[in-house]
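**Q** The following file, coords.cif, comprises mmCIF, C-alpha atoms:
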data_protein
loop_
_atom_site.label_atom_id
_atom_site.label_comp_id
_atom_site.auth_asym_id
_atom_site.auth_seq_id
_atom_site.Cartn_x
_atom_site.Cartn_y
_atom_site.Cartn_z
CA MET A 109 32.18 -68.48 -15.84
CA SER A 110 35.33 -66.51 -15.10
CA ILE A 111 35.38 -62.86 -14.08
CA GLN A 112 36.84 -61.89 -17.46
CA GLU A 113 34.03 -63.68 -19.30
CA LYS A 114 31.42 -61.98 -17.15
CA ILE A 115 32.98 -58.55 -17.78
CA ASP A 116 33.00 -59.19 -21.54
CA GLN A 117 29.37 -60.30 -21.50
CA TYR A 118 28.14 -57.33 -19.44
CA THR A 119 30.23 -54.88 -21.46
CA GLU A 120 28.56 -56.06 -24.68
CA GLU A 121 25.15 -55.83 -22.99
CA ILE A 122 25.80 -52.23 -21.87
CA ASN A 123 27.07 -51.14 -25.29
CA ASN A 124 23.99 -52.58 -27.00
CA TRP A 125 21.53 -51.25 -24.40
CA THR A 126 19.14 -48.54 -25.62
CA PRO A 127 16.70 -47.22 -23.01
CA ARG A 128 13.19 -46.14 -24.07
CA SER A 129 12.04 -44.45 -20.90
CA GLN A 130 13.15 -43.18 -17.54
CA GLN A 131 11.94 -46.46 -16.06
CA ASP A 132 14.44 -48.35 -18.25
CA VAL A 133 17.20 -46.12 -16.85
CA GLU A 134 16.06 -46.86 -13.30
CA ASP A 135 15.99 -50.60 -14.03
CA TYR A 136 19.56 -50.34 -15.37
CA ARG A 137 20.70 -48.63 -12.15
CA LEU A 138 19.07 -51.31 -10.01
CA LYS A 139 20.72 -54.07 -12.06
CA PHE A 140 24.27 -52.74 -12.29
CA LEU A 141 24.98 -49.98 -9.72
CA VAL A 142 23.23 -50.68 -6.43
CA ALA A 143 24.88 -52.41 -3.46
CA LYS A 144 23.73 -55.84 -4.63
CA GLY A 145 24.17 -55.10 -8.32
CA ILE A 146 26.47 -56.62 -10.91
CA VAL A 147 29.40 -54.19 -10.46
CA LYS A 148 29.48 -54.72 -6.71
CA GLY A 149 29.23 -58.51 -7.25
CA LEU A 150 32.22 -58.54 -9.62
CA PHE A 151 34.32 -56.71 -7.03
CA GLU A 152 33.35 -59.34 -4.46
CA ASP A 153 34.45 -62.10 -6.87
CA PHE A 154 37.67 -60.17 -7.49
CA LYS A 155 38.73 -60.72 -3.86
CA SER A 156 39.15 -64.47 -4.45
CA VAL A 157 41.33 -64.08 -7.56
CA SER A 158 45.02 -64.95 -7.34
CA SER A 159 47.59 -62.18 -6.92
CA GLU A 160 48.89 -62.61 -10.49
CA ASP A 161 45.36 -62.35 -12.02
CA LYS A 162 44.54 -59.31 -9.87
CA ARG A 163 47.20 -57.27 -11.64
CA ILE A 164 45.47 -57.91 -14.98
CA LEU A 165 41.81 -57.99 -13.92
CA GLY A 166 42.04 -54.96 -11.61
CA LYS A 167 42.44 -52.53 -14.48
CA VAL A 168 39.77 -54.26 -16.59
CA LEU A 169 37.30 -54.27 -13.70
CA ASN A 170 37.83 -50.55 -13.00
CA GLU A 171 37.28 -49.72 -16.67
CA PHE A 172 34.05 -51.76 -16.61
CA LYS A 173 32.87 -49.88 -13.51
CA GLN A 174 33.58 -46.52 -15.20
CA LEU A 175 31.73 -47.66 -18.34
CA SER A 176 28.63 -48.77 -16.43
CA GLU A 177 28.49 -45.53 -14.40
CA ALA A 178 29.07 -43.31 -17.45
CA LYS A 179 26.30 -45.08 -19.37
CA TYR A 180 23.88 -44.47 -16.54
CA VAL A 181 24.76 -40.76 -16.21
CA GLU A 182 24.53 -40.27 -19.98
CA THR A 183 21.09 -41.82 -20.33
CA LYS A 184 19.79 -40.24 -17.10
CA ASP A 185 20.78 -36.73 -18.26
CA LEU A 186 19.31 -37.40 -21.69
CA PHE A 187 15.86 -38.15 -20.30
CA GLU A 188 16.02 -35.22 -17.81
CA VAL A 189 16.78 -32.78 -20.65
CA SER A 190 13.97 -34.29 -22.68
CA ALA A 191 11.52 -33.89 -19.78
CA SER A 192 12.63 -30.29 -19.20
CA ALA A 193 12.18 -29.46 -22.88
CA SER A 194 8.70 -30.91 -22.72
CA ASN A 195 7.84 -28.76 -19.73
CA ASP A 196 9.22 -25.64 -21.43
CA SER A 197 7.14 -26.40 -24.46
CA ASN A 198 4.01 -26.55 -22.31
CA ALA A 199 4.94 -23.30 -20.57
CA GLN A 200 5.15 -21.53 -23.92
CA ASP A 201 1.82 -22.83 -25.14
CA LEU A 202 -0.13 -19.59 -25.55
CA THR A 203 -3.40 -21.47 -25.93
CA LEU A 204 -3.28 -22.66 -22.31
CA PRO A 205 -5.29 -20.70 -19.68
CA GLY A 206 -3.29 -17.95 -18.02
CA PRO A 207 -2.48 -18.00 -14.30
CA GLY A 208 -5.00 -16.30 -12.07
CA PHE A 209 -4.22 -13.05 -10.25
CA GLU A 210 -5.67 -11.26 -7.26
CA ILE A 211 -7.25 -7.85 -7.85
CA GLY A 212 -6.45 -5.23 -5.22
CA THR A 213 -8.96 -2.88 -3.61
CA ARG A 214 -9.00 0.73 -2.52
CA HIS A 215 -7.77 1.73 0.92
CA PRO A 216 -10.63 2.89 3.22
CA LEU A 217 -9.16 6.41 3.32
CA SER A 218 -9.09 6.49 -0.48
CA LEU A 219 -12.70 5.33 -0.59
CA VAL A 220 -13.87 8.11 1.71
CA ARG A 221 -11.70 10.77 0.05
CA LYS A 222 -13.15 9.89 -3.33
CA GLU A 223 -16.69 9.99 -1.96
CA ILE A 224 -16.10 13.43 -0.43
CA VAL A 225 -14.60 14.74 -3.68
CA GLU A 226 -17.53 13.44 -5.72
CA ILE A 227 -20.07 15.16 -3.44
CA PHE A 228 -18.39 18.55 -3.71
CA LYS A 229 -17.80 18.19 -7.44
CA LYS A 230 -21.57 18.05 -7.87
CA LEU A 231 -21.72 21.43 -6.13
CA GLY A 232 -19.24 22.93 -8.59
CA PHE A 233 -16.06 22.60 -6.51
CA ILE A 234 -12.84 21.78 -8.35
CA VAL A 235 -9.91 19.86 -6.78
CA ALA A 236 -6.70 21.82 -6.06
CA GLU A 237 -3.40 20.47 -4.78
CA GLY A 238 -0.17 21.96 -3.49
CA PRO A 239 3.27 21.02 -2.04
CA GLU A 240 3.58 19.13 1.24
CA ILE A 241 6.71 21.13 2.16
CA GLU A 242 5.75 24.76 2.74
CA ASP A 243 7.32 28.09 3.69
CA ASP A 244 6.23 30.23 6.61
CA TRP A 245 4.19 32.62 4.48
CA HIS A 246 1.84 30.08 2.92
CA ASN A 247 1.58 27.87 6.01
CA PHE A 248 1.21 30.57 8.67
CA SER A 249 1.65 34.28 7.93
CA ALA A 250 -0.76 34.62 5.00
CA LEU A 251 -3.40 32.81 7.06
CA ASN A 252 -3.34 35.39 9.84
CA PHE A 253 -1.38 33.29 12.33
CA PRO A 254 0.30 35.64 14.84
CA GLU A 255 3.98 35.00 15.53
CA GLU A 256 3.23 33.78 19.06
CA HIS A 257 0.59 31.28 17.89
CA PRO A 258 1.29 27.75 19.28
CA ALA A 259 1.05 26.21 15.79
CA ARG A 260 4.37 27.88 15.01
CA ASP A 261 6.01 26.02 17.90
CA MET A 262 8.27 23.06 17.17
CA GLN A 263 6.11 20.97 19.52
CA ASP A 264 3.29 21.14 16.96
CA THR A 265 5.12 21.47 13.64
CA PHE A 266 7.85 19.50 11.83
CA PHE A 267 10.33 22.19 10.79
CA ILE A 268 12.83 21.30 8.07
CA GLN A 269 14.63 24.63 8.17
CA LYS A 270 14.01 27.20 10.86
CA GLN A 271 15.42 30.63 10.06
CA GLU A 272 14.20 34.05 10.96
CA GLY A 273 11.45 34.98 8.50
CA ASN A 274 12.06 31.95 6.28
CA ASP A 275 10.88 28.83 8.12
CA ILE A 276 10.39 25.71 5.99
CA ALA A 277 8.13 22.99 7.40
CA LEU A 278 5.94 20.04 6.56
CA ARG A 279 2.54 21.63 6.06
CA THR A 280 0.24 21.47 9.06
CA HIS A 281 -2.94 21.89 6.98
CA THR A 282 -3.99 22.15 3.34
CA SER A 283 -5.02 25.79 3.91
CA SER A 284 -1.69 26.65 2.29
CA VAL A 285 -3.19 25.46 -1.00
CA GLN A 286 -5.99 28.01 -0.54
CA VAL A 287 -3.41 30.79 -0.23
CA ARG A 288 -1.61 29.68 -3.38
CA MET A 289 -4.92 29.61 -5.27
CA MET A 290 -5.88 33.12 -4.13
CA GLU A 291 -2.43 34.49 -4.98
CA SER A 292 -2.35 33.04 -8.48
CA GLY A 293 -5.88 33.86 -9.65
CA THR A 294 -8.85 36.15 -9.29
CA PRO A 295 -12.25 35.37 -7.72
CA PRO A 296 -14.58 33.60 -7.90
CA PHE A 297 -12.94 30.52 -6.34
CA ARG A 298 -14.75 27.30 -5.52
CA ALA A 299 -12.38 24.44 -4.71
CA ILE A 300 -11.56 21.67 -2.26
CA MET A 301 -8.01 20.77 -1.25
CA PRO A 302 -7.49 17.13 -0.24
CA GLY A 303 -4.04 16.00 0.90
CA ARG A 304 -1.68 14.73 3.57
CA VAL A 305 -0.64 16.97 6.48
CA TYR A 306 1.77 16.59 9.39
CA ARG A 307 1.62 17.38 13.11
CA ASN A 308 4.20 16.68 15.78
CA GLU A 309 1.88 14.58 17.95
CA ALA A 310 2.29 11.37 19.92
CA ILE A 311 0.92 8.39 18.00
CA SER A 312 -2.11 6.78 19.64
CA ALA A 313 -5.50 5.32 18.81
CA ARG A 314 -6.85 8.87 18.36
CA ALA A 315 -3.86 10.76 16.88
CA HIS A 316 -0.97 10.31 14.45
CA CYS A 317 2.00 12.32 13.24
CA PHE A 318 0.40 12.53 9.79
CA PHE A 319 -3.18 12.41 8.60
CA HIS A 320 -5.33 13.47 5.66
CA GLN A 321 -7.48 16.56 5.25
CA VAL A 322 -10.04 17.95 2.87
CA GLU A 323 -10.38 21.71 3.02
CA GLY A 324 -12.76 23.84 1.00
CA LEU A 325 -12.85 27.45 -0.16
CA TYR A 326 -15.59 29.50 -1.81
CA ILE A 327 -14.99 33.19 -2.58
CA ASP A 328 -17.30 35.40 -4.60
CA GLU A 329 -19.42 38.50 -4.26
CA GLY A 330 -22.19 38.19 -1.71
CA VAL A 331 -21.16 34.86 -0.13
CA SER A 332 -22.69 34.53 3.34
CA PHE A 333 -22.64 32.24 6.37
CA ALA A 334 -25.99 30.91 5.18
CA ASP A 335 -24.27 29.61 2.03
CA LEU A 336 -21.68 27.90 4.21
CA LYS A 337 -24.32 26.21 6.39
CA GLN A 338 -26.39 25.01 3.46
CA THR A 339 -23.33 23.64 1.63
CA LEU A 340 -22.17 21.66 4.64
CA TYR A 341 -25.70 20.51 5.48
CA HIS A 342 -26.03 19.07 1.96
CA PHE A 343 -22.60 17.41 2.28
CA VAL A 344 -23.57 15.66 5.53
CA GLN A 345 -26.87 14.36 4.13
CA GLU A 346 -25.08 12.96 1.08
CA LEU A 347 -22.25 11.32 3.03
CA PHE A 348 -24.00 10.02 6.14
CA GLY A 349 -27.58 9.75 4.93
CA GLU A 350 -30.77 11.74 5.21
CA GLY A 351 -31.91 12.46 8.71
CA THR A 352 -28.39 13.11 10.06
CA LYS A 353 -28.66 16.10 12.37
CA VAL A 354 -26.24 19.04 12.22
CA ARG A 355 -25.31 21.71 14.72
CA PHE A 356 -22.84 24.61 14.68
CA ARG A 357 -20.92 25.84 17.74
CA PRO A 358 -19.01 29.14 17.89
CA SER A 359 -15.25 28.66 17.77
CA TYR A 360 -12.01 30.42 16.85
CA PHE A 361 -9.60 30.02 13.95
CA PRO A 362 -7.00 32.64 12.94
CA PHE A 363 -8.05 32.60 9.28
CA THR A 364 -11.87 32.77 9.62
CA GLU A 365 -14.25 35.20 11.38
CA PRO A 366 -16.84 34.28 12.49
CA SER A 367 -15.80 30.66 13.00
CA ALA A 368 -17.63 27.52 14.03
CA GLU A 369 -17.20 23.84 14.79
CA MET A 370 -19.73 21.59 13.09
CA ASP A 371 -21.10 18.47 14.80
CA ILE A 372 -23.33 15.73 13.48
CA SER A 373 -25.54 13.33 15.36
CA CYS A 374 -23.53 10.21 16.19
CA THR A 375 -23.85 7.71 13.35
CA ILE A 376 -23.15 4.78 15.66
CA CYS A 377 -25.66 5.31 18.47
CA LYS A 378 -28.01 7.61 16.47
CA GLY A 379 -27.77 10.25 19.17
CA ALA A 380 -28.49 7.95 22.13
CA GLY A 381 -24.95 8.19 23.53
CA CYS A 382 -21.91 5.88 23.24
CA ASN A 383 -18.13 5.79 23.63
CA MET A 384 -17.57 7.29 20.19
CA CYS A 385 -19.57 10.45 20.99
CA LYS A 386 -18.60 10.43 24.69
CA TYR A 387 -22.28 9.93 25.51
CA THR A 388 -23.27 13.35 24.17
CA GLY A 389 -24.99 12.11 21.02
CA TRP A 390 -22.86 14.47 18.90
CA VAL A 391 -19.52 14.09 17.07
CA GLU A 392 -17.40 16.98 15.80
CA ILE A 393 -16.40 16.46 12.15
CA LEU A 394 -15.03 19.80 10.88
CA GLY A 395 -14.22 23.45 11.49
CA CYS A 396 -15.46 26.28 9.29
CA GLY A 397 -16.12 29.99 9.04
CA MET A 398 -16.12 33.09 6.88
CA VAL A 399 -12.69 33.93 5.46
CA ASP A 400 -11.06 36.64 7.55
CA PRO A 401 -10.68 39.93 5.60
CA ASN A 402 -6.97 39.98 6.52
CA VAL A 403 -6.48 36.66 4.69
CA LEU A 404 -8.16 38.10 1.59
CA GLU A 405 -6.04 41.27 1.71
CA ASN A 406 -2.84 39.21 2.20
CA SER A 407 -3.60 37.56 -1.16
CA LYS A 408 -4.40 40.91 -2.84
CA ILE A 409 -8.17 40.29 -2.90
CA ASP A 410 -10.46 43.25 -2.19
CA ALA A 411 -12.24 42.31 1.06
CA ARG A 412 -14.81 45.11 0.49
CA LYS A 413 -15.94 43.46 -2.73
CA TYR A 414 -15.52 39.76 -2.05
CA THR A 415 -16.46 37.48 0.83
CA GLY A 416 -16.07 33.75 1.21
CA PHE A 417 -16.18 30.76 3.47
CA ALA A 418 -13.70 27.98 4.24
CA PHE A 419 -13.93 24.63 5.99
CA GLY A 420 -11.65 21.72 6.81
CA MET A 421 -12.09 18.15 7.96
CA GLY A 422 -9.92 15.13 8.71
CA ILE A 423 -10.56 12.20 6.38
CA GLU A 424 -9.56 9.73 9.12
CA ARG A 425 -12.27 11.04 11.44
CA ILE A 426 -14.91 10.79 8.72
CA THR A 427 -13.75 7.25 7.94
CA ASN A 428 -13.87 6.32 11.62
CA LEU A 429 -17.51 7.37 11.75
CA LYS A 430 -18.49 5.82 8.45
CA TYR A 431 -16.95 2.40 9.14
CA GLU A 432 -16.91 2.45 12.97
CA ILE A 433 -13.11 2.17 13.20
CA LYS A 434 -11.80 2.94 16.67
CA ASP A 435 -8.01 2.94 16.19
CA LEU A 436 -6.42 5.51 13.88
CA ARG A 437 -3.20 3.48 13.60
CA LEU A 438 -4.94 0.75 11.59
CA PHE A 439 -4.98 3.02 8.54
CA SER A 440 -1.18 3.02 8.19
CA GLU A 441 -0.14 -0.40 9.54
CA ASN A 442 -0.86 -2.27 6.26
CA ASP A 443 -2.46 -5.17 8.14
CA ILE A 444 -4.04 -7.27 5.39
CA ARG A 445 -6.65 -8.58 7.83
CA PHE A 446 -7.93 -5.03 8.30
CA LEU A 447 -7.75 -4.03 4.63
CA LYS A 448 -9.56 -7.13 3.38
CA GLN A 449 -12.69 -5.96 5.21
CA PHE A 450 -13.15 -3.29 2.53
CA GLU A 451 -12.97 -5.55 -0.53
CA THR A 452 -16.69 -5.18 -1.20
CA GLU A 453 -16.64 -1.38 -0.86
CA THR A 454 -16.75 0.43 -4.21
CA ILE A 455 -17.27 3.98 -5.40
#
As structure tokens - that is how I would like this structure written.

**A**
Amino acid sequence: MSIQEKIDQYTEEINNWTPRSQQDVEDYRLKFLVAKGIVKGLFEDFKSVSSEDKRILGKVLNEFKQLSEAKYVETKDLFEVSASASNDSNAQDLTLPGPGFEIGTRHPLSLVRKEIVEIFKKLGFIVAEGPEIEDDWHNFSALNFPEEHPARDMQDTFFIQKQEGNDIALRTHTSSVQVRMMESGTPPFRAIMPGRVYRNEAISARAHCFFHQVEGLYIDEGVSFADLKQTLYHFVQELFGEGTKVRFRPSYFPFTEPSAEMDISCTICKGAGCNMCKYTGWVEILGCGMVDPNVLENSKIDARKYTGFAFGMGIERITNLKYEIKDLRLFSENDIRFLKQFETETI
């Protein structure tokens, strides 16, 4: 059979060929287009044709090659589009089960903050919030900080704008929220002030340039230090469990007088002594005291009629004790291995 006869026969076969599946298309490719296929074989036969016949058959053979390749591409694309449409149809089937998703959990600091808030809410304390960027009056002056106090130094405070009598800084405590509450209302006040604060400190396992506080304020007629002690004693028993011991040590704060530091028996060693409590059996958790009369008068509250107490604690320190976490930096590094340890914690 001559080359021309073969081309005519295969051309008719291609024109009449109707594939029914992707496998038919693959069989076609293997028959016509691979290295040992029909097209390649015809070109091998073409080499032995005389020079005169080559002029005629060359064009015919090239047209046949183009036909066979075009037929393959056409049918291949047809089945690919069909398969894609089928997949799209399945994707839009609303009766199919939806993809699963992973539910997030609360950060350990959020867990402890919420627990603290819930305890004080039961005692009648509301939650108050204020700006994280404060002026000198609310952050220092109204709270009885003298001008030479080290907290006003740039080594301890992040100042945004430092001008005589009008310093603007990132708040160093949430006590500024207490001032704003006293300025804008009239006693009695009973509130806690949770929030983020900033200190210009070197970052280490025990300190960070920002942390979280919960401060509290109670002002009314006849409020005494005994009320302060009983409130904080109840808070400790609720948060750390019954049997947790409490002690108060005299201290100094510009905005309270008298003032005290409050310690609890170490929750890790139960008072026996360990690294966390520096082998004393006690861990300091907060500072407190009776609101200084000057602070009341600065907010236009009659100190002869009203008294009150205030306290403040770092949420990170409470969380360290509650979950036995020894490195403060873990709270802000977003290490999923650390955060996954709290998936079962709920409140």

**Q** Selected by the PyMOL selection byres ((chain A and resi 366) around 9) in the shown coordinates: which residues, as a PyMOL selection string?

**A** chain A and resi 333+358-361+364-365+367-368+396-400

**Q** Between CA of Thr375 (chain A) and CA of Glu451 (chain A), measure the distance and give it in Å to one decimal.

**A**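 So the two atoms, CA of Thr375 (chain A) and CA of Glu451 (chain A), lie 22.1 Å apart.
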
**Q** Evaluating the PyMOL selection byres ((chain A and resi 438) around 12) on the displayed file yields which residues, as number ranges by chain?

**A** A: 215-217, 311-316, 424, 427-428, 433-437, 439-447

**Q** Can you pull out every residue within 12 Å of region 411-417 of chain A, counting all atoms listed in the file, but drop anything in the same chain fewer than 4 positions away, and send it as an MDAnalysis selection string?

**A** chainID A and resid 286 290 294:300 323:340 363:368 395:407

**Q** Once you have the residues from the selection above, write them out as an mmCIF file, in the frame of the given file, restricted to C-alpha atoms.

**A**
data_model
loop_
_atom_site.group_PDB
_atom_site.id
_atom_site.type_symbol
_atom_site.label_atom_id
_atom_site.label_comp_id
_atom_site.auth_asym_id
_atom_site.auth_seq_id
_atom_site.Cartn_x
_atom_site.Cartn_y
_atom_site.Cartn_z
ATOM 1 C CA GLN A 286 -5.990 28.010 -0.540
ATOM 2 C CA MET A 290 -5.880 33.120 -4.130
ATOM 3 C CA THR A 294 -8.850 36.150 -9.290
ATOM 4 C CA PRO A 295 -12.250 35.370 -7.720
ATOM 5 C CA PRO A 296 -14.580 33.600 -7.900
ATOM 6 C CA PHE A 297 -12.940 30.520 -6.340
ATOM 7 C CA ARG A 298 -14.750 27.300 -5.520
ATOM 8 C CA ALA A 299 -12.380 24.440 -4.710
ATOM 9 C CA ILE A 300 -11.560 21.670 -2.260
ATOM 10 C CA GLU A 323 -10.380 21.710 3.020
ATOM 11 C CA GLY A 324 -12.760 23.840 1.000
ATOM 12 C CA LEU A 325 -12.850 27.450 -0.160
ATOM 13 C CA TYR A 326 -15.590 29.500 -1.810
ATOM 14 C CA ILE A 327 -14.990 33.190 -2.580
ATOM 15 C CA ASP A 328 -17.300 35.400 -4.600
ATOM 16 C CA GLU A 329 -19.420 38.500 -4.260
ATOM 17 C CA GLY A 330 -22.190 38.190 -1.710
ATOM 18 C CA VAL A 331 -21.160 34.860 -0.130
ATOM 19 C CA SER A 332 -22.690 34.530 3.340
ATOM 20 C CA PHE A 333 -22.640 32.240 6.370
ATOM 21 C CA ALA A 334 -25.990 30.910 5.180
ATOM 22 C CA ASP A 335 -24.270 29.610 2.030
ATOM 23 C CA LEU A 336 -21.680 27.900 4.210
ATOM 24 C CA LYS A 337 -24.320 26.210 6.390
ATOM 25 C CA GLN A 338 -26.390 25.010 3.460
ATOM 26 C CA THR A 339 -23.330 23.640 1.630
ATOM 27 C CA LEU A 340 -22.170 21.660 4.640
ATOM 28 C CA PHE A 363 -8.050 32.600 9.280
ATOM 29 C CA THR A 364 -11.870 32.770 9.620
ATOM 30 C CA GLU A 365 -14.250 35.200 11.380
ATOM 31 C CA PRO A 366 -16.840 34.280 12.490
ATOM 32 C CA SER A 367 -15.800 30.660 13.000
ATOM 33 C CA ALA A 368 -17.630 27.520 14.030
ATOM 34 C CA GLY A 395 -14.220 23.450 11.490
ATOM 35 C CA CYS A 396 -15.460 26.280 9.290
ATOM 36 C CA GLY A 397 -16.120 29.990 9.040
ATOM 37 C CA MET A 398 -16.120 33.090 6.880
ATOM 38 C CA VAL A 399 -12.690 33.930 5.460
ATOM 39 C CA ASP A 400 -11.060 36.640 7.550
ATOM 40 C CA PRO A 401 -10.680 39.930 5.600
ATOM 41 C CA ASN A 402 -6.970 39.980 6.520
ATOM 42 C CA VAL A 403 -6.480 36.660 4.690
ATOM 43 C CA LEU A 404 -8.160 38.100 1.590
ATOM 44 C CA GLU A 405 -6.040 41.270 1.710
ATOM 45 C CA ASN A 406 -2.840 39.210 2.200
ATOM 46 C CA SER A 407 -3.600 37.560 -1.160
#

**Q** In Å, rounded to a single decimal, give me how far CA of Ala236 (chain A) is from CA of Val285 (chain A).

**A**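 For CA of Val285 (chain A) relative to CA of Ala236 (chain A), the distance reads 7.2 Å.
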
**Q** If the PyMOL selection byres ((chain A and resi 245) around 10) is run on the structure shown, which residues does it catch, given as JSON, numbers by chain?

**A** {"A": [242, 243, 244, 246, 247, 248, 249, 250, 251, 252, 253, 273, 274, 275, 276, 284, 287, 406]}

**Q** How would region 305-317 of chain A look with N, CA and C atoms restored, written as a CSV table (one decimal), in the coordinates of the input?

**A**
chain,number,residue,atom,x,y,z
A,305,VAL,N,-1.2,15.9,5.6
A,305,VAL,CA,-0.6,17.0,6.5
A,305,VAL,C,0.1,16.3,7.7
A,306,TYR,N,0.9,17.1,8.4
A,306,TYR,CA,1.8,16.6,9.4
A,306,TYR,C,1.7,17.4,10.7
A,307,ARG,N,1.6,16.7,11.8
A,307,ARG,CA,1.6,17.4,13.1
A,307,ARG,C,2.5,16.6,14.0
A,308,ASN,N,3.3,17.3,14.9
A,308,ASN,CA,4.2,16.7,15.8
A,308,ASN,C,3.4,16.2,17.0
A,309,GLU,N,2.7,15.1,16.9
A,309,GLU,CA,1.9,14.6,18.0
A,309,GLU,C,2.3,13.1,18.3
A,310,ALA,N,2.0,12.8,19.5
A,310,ALA,CA,2.3,11.4,19.9
A,310,ALA,C,1.3,10.4,19.2
A,311,ILE,N,1.8,9.3,18.7
A,311,ILE,CA,0.9,8.4,18.0
A,311,ILE,C,0.1,7.6,19.0
A,312,SER,N,-1.2,7.5,18.8
A,312,SER,CA,-2.1,6.8,19.6
A,312,SER,C,-3.3,6.3,18.8
A,313,ALA,N,-4.3,5.8,19.5
A,313,ALA,CA,-5.5,5.3,18.8
A,313,ALA,C,-6.3,6.5,18.2
A,314,ARG,N,-6.1,7.7,18.8
A,314,ARG,CA,-6.8,8.9,18.4
A,314,ARG,C,-6.0,9.9,17.6
A,315,ALA,N,-4.7,9.7,17.5
A,315,ALA,CA,-3.9,10.8,16.9
A,315,ALA,C,-2.7,10.1,16.2
A,316,HIS,N,-2.1,10.8,15.2
A,316,HIS,CA,-1.0,10.3,14.4
A,316,HIS,C,-0.1,11.5,14.0
A,317,CYS,N,1.1,11.2,13.6
A,317,CYS,CA,2.0,12.3,13.2
A,317,CYS,C,1.7,12.8,11.8
